[in-house]
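Visitor: Below is a structure I'd like to ask you about.
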Amino acid sequence: MLLMDTHVFLWFVNGDTKLSKEMLQAIETEEKVWVSVISFWELAIKSSLGKLTLPCPVSQLMEDCAKMNLSILPIKAQHLEQLEHLPWIHRDPFDRLLICQAQAEGLKLATVDENIRQYEVGLI
């Protein structure tokens with residue numbers, strides 16, 4: 001099972017060639033693929049600031065997850081507890097919580113972010 005970070009999710013949804021064939025294959029063949037509610041929060045914030053143009057409203061992206069066989073991972077208390085102890089290698093609050101979710105849930109994290117690779121988390 002894997003959790004997509006926000007970039008990977010957007011690339012997957014848009015069919016972007018930035019998503020490597022290996023990562024695409026992993027997403028398409030995993031038993032269960034998650035998108036965190038954190039990613040939708042990040043997309044909404046960046047869209048409202050004009051830093052990102054989305055193909056559709058965030059609410060529509062969330063609804064479309066079911067059609068793409070993607071599950072939405074909520075924020076749980078154990079994720080926040082994990083966050084309290086996460087080393088400050090990476091400062092991005094969205095990525096930090098994604099790391100904690102992957103660790104707490106035993107998920108591989110699909111990412112291209114080099115900063116995340118410094119944490120003890122399974123990666124794709």
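Following the order of the structure tokens, first chain is A, next is B, and so on, with residues numbered from 1 inside each chain and ligands from 1 in the order they appear.
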Neighbours of stretch 108-120 of chain A within 9 Å (only C-alpha atoms; same-chain residues fewer than 4 positions away dropped), as JSON, numbers by chain?

Guide: {"A": [1, 2, 3, 4, 5, 6, 7, 8, 9, 23, 26, 27, 86, 87, 89, 90, 95, 96, 98, 99, 102, 103, 124]}

Visitor: If you count only C-alpha atoms, which residues fall within 12 Å of stretch 46-53 of chain A, apart from same-chain ones fewer than 2 positions away, as a PyMOL selection string?

Guide: chain A and resi 6-7+10+14+39-44+55-58+94

Visitor: What is the distance, in Å and to one decimal place, between atom CA of A:Pro74 and atom CA of A:Asp92?

Guide: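 Pair atom CA of A:Pro74 / atom CA of A:Asp92 returns 18.6 Å.
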
Visitor: Give me, as a VMD selection string, the residues of chain A that a backbone DSSP run labels strand (DSSP E).

Guide: chain A and resid 2 to 4 33 to 36 70 to 73 108 to 110

Visitor: Calculate how many Å separate atom CA of A:Trp34 from atom CA of A:Met62, rounding to one decimal.

Guide: 11.5 Å
